[in-house]
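J.: Sharing a structure below in structure tokens format, with a few things to ask.
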Amino acid sequence: MRITLRALTDEDIEAHNAGEDEHTVRWLNGAPGTAETTAAHFDSLADNARAERGKRGFGVCLDDHLAGYVDCDPDVTDGLEPGDVNISYAVHPWARGHGVAGEAVRLILEYMRENRIGTRAVVRVDPDNVASVCVAEKSGFIYVHDFTSGTDRHPDGTRQPVSGLGRPPGITGAEYSAARQARPGRTSVRTGRAGLSGCAVGRDALE
Ligand SMILES: CC(C)(COP(=O)(O)OP(=O)(O)OC[C@H]1O[C@@H](n2cnc3c(N)ncnc32)[C@H](O)[C@@H]1OP(=O)(O)O)[C@@H](O)C(=O)NCCC(=O)NCCS
């Protein structure tokens with residue numbers, strides 16, 4: 001099984017949109033993509049890649065088949081600190097459960113490190129989204145804080161409460177493990193809490 005990241009083109013629009021299901025819409029998009037909105041999204045990613053700024057997004061390929069999407073966005077500020085870079089990901093239903101998201105996160109962190117984008121990677125995720133919380137925690141992200149989103153809203157218009165996880169920058173995996181054991185308080189997201197609709201998890205991208 002070979003997992004790679006690559007730029008998305010118009011030829012990927014159909015497969016990208018077909019890979020969205022109710023989980024992607026509920027936890028990530030808010031609405032399914034159309035041919036037009038996805039084309040505009042891919043164009044904007046290509047512009048950002050050329051300009052080396054803003055959201056950088058990639059198709060995630062499993063053995064050369066488009067199997068998901070991952071991006072990093074230094075322009076997201078909601079609930080985040082200076083230097084934080086928001087990471088988002090989705091895996092097409094047929095490819096889930098094989099470690100694709102975990103490897104995509106590893107690859108986007110590598111990309112951020114190589115391109116000096118930010119100092120901490122952060123995942124903002126609904127604590128009820130157990131799969132995504134697992135991906136983040138298995139990828140070494142730890143709980144940072146709960147916060148109320150200033151940008152994300154429930155369908156009824158109410159503001160979303162959010163919580164977050166973080167990872168101190170500039171330490172090795174071994175040091176991080178030791179610190180994590182010694183750290184007082186929470187290190188993981190409490191999933192499934194009624195009323196909480198988001199959280200963020202973070203880790204150092206420059207390790
Ligand atoms: C979240 C999502 C990306 C996970 O993709 P995936 O490729 O199936 O995840 P992985 O196989 O890499 O799983 C990574 C770890 O999380 C665990 N995990 C994944 N899905 C899980 C689930 N539903 N329940 C419990 N654990 C889960 C895996 O067991 C794995 O741990 P392991 O290495 O110990 O086995 C996928 O379910 C998805 O696209 N969901 C909709 C979009 C979304 O929620 N995006 C995130 C928004 S913040």
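Chain labels A, B, ... are given in the sequence in which chains occur in the structure tokens; within each chain residues are numbered consecutively from 1, and ligands are likewise numbered from 1 in the order shown.
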Distance limit 6 Å, reference ligand 1, atoms considered: only C-alpha atoms and all ligand atoms. Which residues make the cut? Give them as a VMD selection string.

T.: chain A and resid 23 to 24 27 to 28 88 to 92 96 to 102 124 to 125 130 to 132 134 to 135 138

J.: Based on the backbone DSSP call, show me all residues of range 10-71 of chain A assigned alpha helix (DSSP H), as a ChimeraX atom specification.

T.: /A:13-18,22-24,35-51

J.: Keeping N, CA and C atoms for every residue in the selection just given, could you write it to a file as a PDB file, in the first residue's frame?

T.:
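Resulting contents of out-v8.pdb:
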```pdb
ATOM      1  N   ILE A  13     -12.053  16.088 -10.285  1.00  0.00           N
ATOM      2  CA  ILE A  13     -13.283  16.633  -9.704  1.00  0.00           C
ATOM      3  C   ILE A  13     -14.325  15.535  -9.445  1.00  0.00           C
ATOM      4  N   GLU A  14     -14.531  14.681 -10.424  1.00  0.00           N
ATOM      5  CA  GLU A  14     -15.574  13.663 -10.289  1.00  0.00           C
ATOM      6  C   GLU A  14     -15.263  12.701  -9.134  1.00  0.00           C
ATOM      7  N   ALA A  15     -14.028  12.200  -9.112  1.00  0.00           N
ATOM      8  CA  ALA A  15     -13.659  11.245  -8.052  1.00  0.00           C
ATOM      9  C   ALA A  15     -13.662  11.917  -6.683  1.00  0.00           C
ATOM     10  N   HIS A  16     -13.227  13.187  -6.642  1.00  0.00           N
ATOM     11  CA  HIS A  16     -13.215  13.919  -5.368  1.00  0.00           C
ATOM     12  C   HIS A  16     -14.640  14.040  -4.829  1.00  0.00           C
ATOM     13  N   ASN A  17     -15.553  14.479  -5.685  1.00  0.00           N
ATOM     14  CA  ASN A  17     -16.936  14.661  -5.232  1.00  0.00           C
ATOM     15  C   ASN A  17     -17.601  13.326  -4.887  1.00  0.00           C
ATOM     16  N   ALA A  18     -17.273  12.280  -5.658  1.00  0.00           N
ATOM     17  CA  ALA A  18     -17.856  10.954  -5.382  1.00  0.00           C
ATOM     18  C   ALA A  18     -17.356  10.413  -4.045  1.00  0.00           C
ATOM     19  N   GLU A  22     -21.899  11.309   3.876  1.00  0.00           N
ATOM     20  CA  GLU A  22     -22.560  12.121   4.907  1.00  0.00           C
ATOM     21  C   GLU A  22     -21.603  12.503   6.036  1.00  0.00           C
ATOM     22  N   HIS A  23     -20.584  11.664   6.274  1.00  0.00           N
ATOM     23  CA  HIS A  23     -19.617  12.007   7.333  1.00  0.00           C
ATOM     24  C   HIS A  23     -18.747  13.195   6.920  1.00  0.00           C
ATOM     25  N   THR A  24     -18.329  13.178   5.654  1.00  0.00           N
ATOM     26  CA  THR A  24     -17.517  14.297   5.155  1.00  0.00           C
ATOM     27  C   THR A  24     -18.324  15.592   5.234  1.00  0.00           C
ATOM     28  N   ALA A  35     -19.628  20.241  -9.123  1.00  0.00           N
ATOM     29  CA  ALA A  35     -18.539  20.349 -10.105  1.00  0.00           C
ATOM     30  C   ALA A  35     -17.975  21.773 -10.084  1.00  0.00           C
ATOM     31  N   GLU A  36     -18.867  22.759  -9.955  1.00  0.00           N
ATOM     32  CA  GLU A  36     -18.425  24.162  -9.996  1.00  0.00           C
ATOM     33  C   GLU A  36     -17.635  24.532  -8.737  1.00  0.00           C
ATOM     34  N   THR A  37     -18.187  24.189  -7.556  1.00  0.00           N
ATOM     35  CA  THR A  37     -17.499  24.598  -6.324  1.00  0.00           C
ATOM     36  C   THR A  37     -16.161  23.873  -6.175  1.00  0.00           C
ATOM     37  N   THR A  38     -16.117  22.609  -6.584  1.00  0.00           N
ATOM     38  CA  THR A  38     -14.860  21.869  -6.464  1.00  0.00           C
ATOM     39  C   THR A  38     -13.826  22.405  -7.445  1.00  0.00           C
ATOM     40  N   ALA A  39     -14.265  22.739  -8.665  1.00  0.00           N
ATOM     41  CA  ALA A  39     -13.329  23.318  -9.642  1.00  0.00           C
ATOM     42  C   ALA A  39     -12.757  24.625  -9.103  1.00  0.00           C
ATOM     43  N   ALA A  40     -13.621  25.448  -8.506  1.00  0.00           N
ATOM     44  CA  ALA A  40     -13.156  26.726  -7.953  1.00  0.00           C
ATOM     45  C   ALA A  40     -12.171  26.485  -6.805  1.00  0.00           C
ATOM     46  N   HIS A  41     -12.476  25.479  -5.983  1.00  0.00           N
ATOM     47  CA  HIS A  41     -11.586  25.131  -4.859  1.00  0.00           C
ATOM     48  C   HIS A  41     -10.219  24.702  -5.385  1.00  0.00           C
ATOM     49  N   PHE A  42     -10.203  23.835  -6.391  1.00  0.00           N
ATOM     50  CA  PHE A  42      -8.922  23.359  -6.941  1.00  0.00           C
ATOM     51  C   PHE A  42      -8.147  24.520  -7.572  1.00  0.00           C
ATOM     52  N   ASP A  43      -8.864  25.431  -8.263  1.00  0.00           N
ATOM     53  CA  ASP A  43      -8.198  26.598  -8.868  1.00  0.00           C
ATOM     54  C   ASP A  43      -7.534  27.445  -7.790  1.00  0.00           C
ATOM     55  N   SER A  44      -8.269  27.636  -6.691  1.00  0.00           N
ATOM     56  CA  SER A  44      -7.735  28.460  -5.615  1.00  0.00           C
ATOM     57  C   SER A  44      -6.505  27.786  -4.989  1.00  0.00           C
ATOM     58  N   LEU A  45      -6.534  26.466  -4.860  1.00  0.00           N
ATOM     59  CA  LEU A  45      -5.351  25.751  -4.325  1.00  0.00           C
ATOM     60  C   LEU A  45      -4.154  25.917  -5.264  1.00  0.00           C
ATOM     61  N   ALA A  46      -4.419  25.854  -6.568  1.00  0.00           N
ATOM     62  CA  ALA A  46      -3.324  26.007  -7.540  1.00  0.00           C
ATOM     63  C   ALA A  46      -2.736  27.419  -7.450  1.00  0.00           C
ATOM     64  N   ASP A  47      -3.617  28.435  -7.310  1.00  0.00           N
ATOM     65  CA  ASP A  47      -3.136  29.820  -7.152  1.00  0.00           C
ATOM     66  C   ASP A  47      -2.267  29.942  -5.902  1.00  0.00           C
ATOM     67  N   ASN A  48      -2.753  29.368  -4.802  1.00  0.00           N
ATOM     68  CA  ASN A  48      -2.000  29.455  -3.545  1.00  0.00           C
ATOM     69  C   ASN A  48      -0.652  28.749  -3.648  1.00  0.00           C
ATOM     70  N   ALA A  49      -0.646  27.597  -4.337  1.00  0.00           N
ATOM     71  CA  ALA A  49       0.614  26.848  -4.490  1.00  0.00           C
ATOM     72  C   ALA A  49       1.616  27.692  -5.272  1.00  0.00           C
ATOM     73  N   ARG A  50       1.138  28.358  -6.349  1.00  0.00           N
ATOM     74  CA  ARG A  50       2.034  29.210  -7.152  1.00  0.00           C
ATOM     75  C   ARG A  50       2.565  30.374  -6.324  1.00  0.00           C
ATOM     76  N   ALA A  51       1.663  30.962  -5.520  1.00  0.00           N
ATOM     77  CA  ALA A  51       2.043  32.140  -4.728  1.00  0.00           C
ATOM     78  C   ALA A  51       2.731  31.761  -3.416  1.00  0.00           C
TER      79      ALA A  51
END
```

J.: Could you give me, as CSV, a per-residue list for range 26-127 of chain A showing, wherever an atom lies at most 6 Å from an atom of range 1-7 of chain A, the closest pair of atoms and their distance in Å to one decimal, using only C-alpha atoms and sorting by chain then residue number from low to high?

T.:
```
residue,atom,partner,partner_atom,distance
A:Phe58,CA,A:Ala7,CA,5.0
A:Gly59,CA,A:Arg6,CA,5.3
A:Val60,CA,A:Leu5,CA,4.8
A:Cys61,CA,A:Thr4,CA,5.2
A:Leu62,CA,A:Ile3,CA,4.7
A:Asp63,CA,A:Arg2,CA,5.1
```

J.: Could those residues be written to a file, using C-alpha atoms, as an mmCIF file, in the first residue's frame?

T.:
```cif
data_model
loop_
_atom_site.group_PDB
_atom_site.id
_atom_site.type_symbol
_atom_site.label_atom_id
_atom_site.label_comp_id
_atom_site.auth_asym_id
_atom_site.auth_seq_id
_atom_site.Cartn_x
_atom_site.Cartn_y
_atom_site.Cartn_z
ATOM 1 C CA PHE A 58 -3.557 17.909 -1.977
ATOM 2 C CA GLY A 59 -5.216 14.779 -3.205
ATOM 3 C CA VAL A 60 -4.302 11.722 -1.145
ATOM 4 C CA CYS A 61 -3.574 8.758 -3.400
ATOM 5 C CA LEU A 62 -3.679 5.122 -2.390
ATOM 6 C CA ASP A 63 -1.733 3.097 -4.952
#
```

J.: Could you list, as a list in words, every residue within 8 Å of Gly140 in chain A, counting only C-alpha atoms and ignoring same-chain residues fewer than 3 positions away?

T.: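 Counting only the stated atoms, we get Ala136, Glu137 and Arg203 of chain A.
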
J.: Run DSSP on the backbone and give me the residues of range 36-164 of chain A it puts in strand (DSSP E), as a PyMOL selection string.

T.: chain A and resi 56-62+65-73+84-91+120-125+142-153+159-164

J.: So how far away is CA of Asn129 in chain A from CA of Gly57 in chain A, in Å?

T.: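 Between these atoms lies a distance of 21.6 Å.
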
J.: What is the CA of His65 in chain A to CA of Met112 in chain A distance in Å?

T.: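 So the two atoms, CA of His65 in chain A and CA of Met112 in chain A, lie 23.5 Å apart.
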
J.: Report, in Å with one decimal, the straight-line distance from CA of Gly33 in chain A to CA of Pro93 in chain A.

T.: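 Rounded to one decimal, the two atoms are 15.7 Å apart.
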
J.: Find the spatial neighbours of Asp73 in chain A, counting only C-alpha atoms, within a cut-off of 9 Å - ignore same-chain residues fewer than 6 positions away - and output them as a list in words.

T.: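 My reading of the contact set: Arg53, Gly54, Lys55, Arg56, Gly57, Asp84, Val85, Asn86, Ile87, Ser88 and Ile117 of chain A.
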